[in-house]
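File shown: my_file.txt (compact mmCIF, C-alpha atoms).
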# COMPACT_ATOMS: atom_id res chain seq x y z
CA MET A 1 58.80 49.74 39.07
CA ARG A 2 56.06 47.22 39.69
CA THR A 3 53.86 49.12 37.24
CA ARG A 4 56.48 48.94 34.43
CA THR A 5 56.97 45.25 35.09
CA ALA A 6 53.26 44.58 34.92
CA LEU A 7 52.94 46.53 31.66
CA ALA A 8 55.84 44.63 30.14
CA ALA A 9 54.32 41.32 31.17
CA GLY A 10 50.97 42.34 29.68
CA ALA A 11 52.58 43.39 26.39
CA ALA A 12 54.42 40.10 26.22
CA ALA A 13 51.19 38.20 26.76
CA VAL A 14 49.54 40.12 23.93
CA LEU A 15 52.42 39.37 21.58
CA ILE A 16 52.30 35.69 22.49
CA ALA A 17 48.54 35.61 21.84
CA LEU A 18 48.96 37.33 18.48
CA GLY A 19 51.70 34.93 17.58
CA SER A 20 49.42 32.03 18.39
CA VAL A 21 46.73 33.43 16.04
CA VAL A 22 49.23 33.85 13.22
CA THR A 23 50.55 30.34 13.81
CA VAL A 24 47.03 28.85 13.73
CA ALA A 25 46.21 30.72 10.50
CA ALA A 26 49.45 29.61 8.89
CA ALA A 27 48.88 26.05 10.03
CA GLY A 28 45.57 25.85 8.19
CA GLY A 29 43.11 27.79 10.31
CA GLU A 30 42.15 29.67 7.10
CA GLU A 31 41.80 27.91 3.76
CA PRO A 32 44.11 29.15 0.99
CA PRO A 33 42.44 30.79 -2.04
CA PRO A 34 41.31 28.33 -4.71
CA PRO A 35 43.68 27.84 -7.64
CA ALA A 36 42.97 29.72 -10.86
CA PRO A 37 40.92 27.70 -13.33
CA ALA A 38 42.94 25.85 -15.93
CA VAL A 39 43.04 27.35 -19.40
CA PRO A 40 41.84 24.94 -22.13
CA ALA A 41 44.46 23.64 -24.52
CA SER A 42 44.37 24.82 -28.11
CA ASP A 43 43.33 21.35 -29.30
CA SER A 44 40.66 20.90 -26.61
CA ALA A 45 36.95 20.48 -27.23
CA ASP A 46 36.37 23.84 -25.55
CA ALA A 47 38.63 25.71 -27.97
CA GLY A 48 37.51 23.71 -31.01
CA PHE A 49 33.83 24.29 -30.30
CA ALA A 50 34.37 28.02 -29.77
CA ARG A 51 36.23 28.33 -33.08
CA ASP A 52 33.91 26.18 -35.19
CA MET A 53 30.64 27.48 -33.76
CA ALA A 54 31.80 31.08 -34.21
CA VAL A 55 32.18 30.37 -37.94
CA HIS A 56 28.88 28.47 -38.05
CA HIS A 57 27.07 31.33 -36.30
CA GLN A 58 28.54 33.93 -38.65
CA GLN A 59 26.80 32.33 -41.62
CA ALA A 60 23.47 32.22 -39.77
CA VAL A 61 23.79 35.95 -39.12
CA GLU A 62 24.57 36.56 -42.80
CA MET A 63 21.58 34.54 -44.03
CA SER A 64 19.28 36.29 -41.58
CA PHE A 65 20.29 39.73 -42.80
CA LEU A 66 19.85 38.62 -46.41
CA VAL A 67 16.26 37.45 -45.89
CA ARG A 68 15.43 40.50 -43.80
CA ASP A 69 16.19 42.63 -46.85
CA SER A 70 14.36 40.30 -49.25
CA THR A 71 10.88 40.16 -47.73
CA ASP A 72 8.29 42.32 -45.99
CA GLY A 73 6.84 39.34 -44.10
CA GLU A 74 6.89 40.28 -40.43
CA GLU A 75 6.99 36.67 -39.17
CA ILE A 76 10.17 35.93 -41.09
CA ARG A 77 11.75 39.31 -40.41
CA THR A 78 11.15 38.87 -36.68
CA LEU A 79 12.59 35.35 -36.70
CA ALA A 80 15.59 36.48 -38.75
CA TYR A 81 16.24 39.37 -36.36
CA ASP A 82 16.07 37.07 -33.32
CA ILE A 83 18.45 34.54 -34.87
CA ALA A 84 20.91 37.21 -36.04
CA ASN A 85 20.89 39.00 -32.70
CA THR A 86 21.22 35.83 -30.60
CA GLN A 87 23.93 34.21 -32.69
CA ALA A 88 25.95 37.42 -33.07
CA ASN A 89 25.99 37.77 -29.27
CA GLN A 90 26.94 34.13 -28.76
CA ARG A 91 29.67 34.42 -31.38
CA GLY A 92 31.09 37.39 -29.50
CA MET A 93 31.13 35.37 -26.28
CA MET A 94 33.00 32.48 -27.88
CA LEU A 95 35.60 34.71 -29.53
CA GLY A 96 35.95 36.53 -26.22
CA TRP A 97 36.70 33.25 -24.46
CA LEU A 98 39.42 32.46 -26.98
CA ASP A 99 40.96 35.88 -26.31
CA LEU A 100 40.71 35.33 -22.56
CA TRP A 101 42.39 31.93 -22.90
CA GLY A 102 45.12 33.38 -25.11
CA LEU A 103 44.27 30.95 -27.92
CA PRO A 104 44.17 31.57 -31.69
CA LYS A 105 40.80 32.02 -33.36
CA VAL A 106 41.78 29.77 -36.26
CA SER A 107 43.36 26.34 -36.33
CA GLU A 108 45.13 24.16 -38.83
CA ASP A 109 42.97 21.23 -37.71
CA PRO A 110 39.99 20.46 -39.96
CA PRO A 111 36.52 21.48 -38.75
CA MET A 112 34.98 19.12 -36.17
CA ALA A 113 38.35 17.51 -35.32
CA TRP A 114 37.67 18.26 -31.64
CA MET A 115 34.62 15.95 -31.91
CA GLY A 116 36.75 13.13 -33.26
CA MET A 117 35.48 13.83 -36.78
CA ARG A 118 37.49 14.65 -39.85
CA HIS A 119 34.92 16.64 -41.78
CA LYS A 120 36.14 17.69 -45.21
CA PRO A 121 34.71 21.07 -46.24
CA GLY A 122 32.50 20.91 -49.32
CA LYS A 123 33.76 22.12 -52.65
CA ASP A 124 31.35 25.06 -52.66
CA GLY A 125 32.14 26.56 -49.29
CA ALA A 126 30.10 24.42 -46.89
CA LEU A 127 32.71 24.26 -44.13
CA MET A 128 30.65 22.20 -41.68
CA PRO A 129 27.47 20.09 -41.65
CA GLY A 130 24.37 22.19 -42.12
CA MET A 131 26.17 25.18 -43.58
CA ALA A 132 24.91 26.62 -46.85
CA THR A 133 27.06 26.54 -49.97
CA ARG A 134 28.15 29.64 -51.84
CA ALA A 135 25.60 28.83 -54.54
CA GLU A 136 22.79 28.61 -51.99
CA LEU A 137 23.80 31.92 -50.44
CA ASP A 138 23.87 33.49 -53.90
CA ARG A 139 20.34 32.18 -54.56
CA LEU A 140 19.16 33.70 -51.28
CA ARG A 141 20.64 37.06 -52.27
CA LYS A 142 18.76 37.02 -55.57
CA THR A 143 15.40 35.68 -54.32
CA GLU A 144 12.62 37.86 -52.96
CA GLY A 145 9.24 37.62 -51.27
CA GLU A 146 7.77 34.29 -50.22
CA ALA A 147 10.30 32.35 -52.31
CA ALA A 148 13.08 33.94 -50.25
CA GLU A 149 11.21 33.09 -47.05
CA ILE A 150 10.89 29.43 -48.01
CA LEU A 151 14.54 29.18 -49.09
CA TYR A 152 15.68 30.84 -45.85
CA LEU A 153 13.56 28.53 -43.69
CA ARG A 154 14.92 25.46 -45.44
CA LEU A 155 18.55 26.61 -45.27
CA MET A 156 18.24 27.70 -41.64
CA THR A 157 16.58 24.44 -40.62
CA ALA A 158 19.54 22.49 -42.03
CA HIS A 159 21.91 25.00 -40.45
CA HIS A 160 20.32 24.56 -37.01
CA LYS A 161 20.45 20.78 -37.27
CA GLY A 162 24.18 20.95 -37.94
CA GLY A 163 24.59 23.43 -35.10
CA ILE A 164 22.70 21.21 -32.66
CA HIS A 165 24.95 18.27 -33.54
CA MET A 166 28.01 20.38 -32.78
CA ALA A 167 26.55 21.84 -29.56
CA GLU A 168 25.67 18.36 -28.30
CA GLY A 169 29.31 17.44 -28.87
CA CYS A 170 30.38 20.29 -26.60
CA VAL A 171 27.85 19.34 -23.94
CA SER A 172 29.50 15.90 -23.87
CA ALA A 173 33.15 16.88 -24.25
CA CYS A 174 33.71 20.47 -23.14
CA GLU A 175 35.05 21.09 -19.62
CA VAL A 176 34.40 24.81 -19.06
CA PRO A 177 31.06 24.98 -17.20
CA ALA A 178 29.94 28.26 -18.78
CA GLU A 179 30.61 26.90 -22.26
CA LYS A 180 28.74 23.66 -21.55
CA ARG A 181 25.75 25.73 -20.37
CA LEU A 182 25.90 27.88 -23.49
CA ALA A 183 26.03 24.77 -25.70
CA GLN A 184 23.00 23.23 -23.97
CA GLY A 185 21.15 26.50 -24.39
CA MET A 186 21.91 26.38 -28.12
CA VAL A 187 20.51 22.85 -28.36
CA ASP A 188 17.27 23.84 -26.65
CA ALA A 189 16.75 27.15 -28.46
CA GLN A 190 17.62 25.91 -31.93
CA GLN A 191 15.37 22.86 -31.62
CA SER A 192 12.53 25.20 -30.67
CA GLU A 193 13.29 27.34 -33.72
CA ILE A 194 13.36 24.26 -35.96
CA ASP A 195 9.83 23.43 -34.78
CA LEU A 196 8.75 27.02 -35.44
CA MET A 197 10.30 27.01 -38.92
CA ALA A 198 8.52 23.75 -39.78
CA GLU A 199 5.23 25.44 -38.90
CA LEU A 200 6.12 28.50 -40.96
CA LEU A 201 6.93 26.26 -43.94
CA ARG A 202 3.57 24.48 -43.56
CA LYS A 203 1.82 27.84 -43.61
CA ARG A 204 3.53 28.46 -46.96
CA GLY A 205 2.41 25.12 -48.38
CA VAL A 206 5.72 23.31 -47.88
CA ARG A 207 5.41 19.88 -46.24
CA ASP A 208 8.88 18.40 -46.58
Let me see whether you can do it: turn the structure in this file into structure tokens.
Amino acid sequence: MRTRTALAAGAAAVLIALGSVVTVAAAGGEEPPPPAPAVPASDSADAGFARDMAVHHQQAVEMSFLVRDSTDGEEIRTLAYDIANTQANQRGMMLGWLDLWGLPKVSEDPPMAWMGMRHKPGKDGALMPGMATRAELDRLRKTEGEAAEILYLRLMTAHHKGGIHMAEGCVSACEVPAEKRLAQGMVDAQQSEIDLMAELLRKRGVRD
């Protein structure tokens, strides 16, 4: 009888101890999981940058493939491949974010509205600053050799300058850390490529 009583008392003590642990945990002994990150609004800088830069990047990829097929110059072909590969990958990331956020890939807002700008697309297809017009793209398609290299370097330099302006806007206004890091990486890489393209133009006798 004494043995059963002792066992019962011991079991009760264990239950009380376990109850104390549960109570401490429930009272804040363990921190609750962090809340899920907020999804950007459709009119946010994060969403606007992803949409606009995806379009901007698509044209850079197009121009790079055009010049790759228009010249045998290894310097330009290598640069064009690097730009096309990098910007196609970044474009995929930005469109992937929009999918993840459940946001549309197009907007009724004009380009650059997320930057506080009301950029009106040009009459010949230049949707954003730095983008080539349809006529310029058509010239690039029809030009070959060194002339195509020079035209590509000029168009891509202007394209990068417009892209840097937009990326700097995201660095200042975007809230998603990964997107801000991507934007800063674009600023750094495209400025480096602008410097390289200036040197490549000088090698081809172009000083402006």
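One distance worth recording is that between atom CA of A:Ser44 and atom CA of A:Gly125, which is 24.9 Å.
Take the candidates A:Asp188, A:Glu146, A:Glu175, A:Asp124 and check each one against A:Gly73 using only C-alpha atoms; the shortest distance goes to A:Glu146.
As for atom CA of A:Ala54 and atom CA of A:Gly116, they are spaced 18.6 Å apart.
Interatomic distance, atom CA of A:Gly205 to atom CA of A:Glu144: 17.0 Å.
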Fill in: Nearest to A:Ala126 by atom-to-atom distance, counting all atoms listed in the file, from A:Val206, A:Leu103, A:Met93, A:Val55
A:Val55
Worksheet item: Which protein, DNA or RNA residues are at most 8 Å from (36.0, 20.7, -27.4) in the file's coordinates when you count only C-alpha atoms, listed as JSON, numbers by chain?
Response: {"A": [43, 44, 45, 46, 47, 48, 49, 50, 114, 115, 169, 170, 173, 174, 175]}
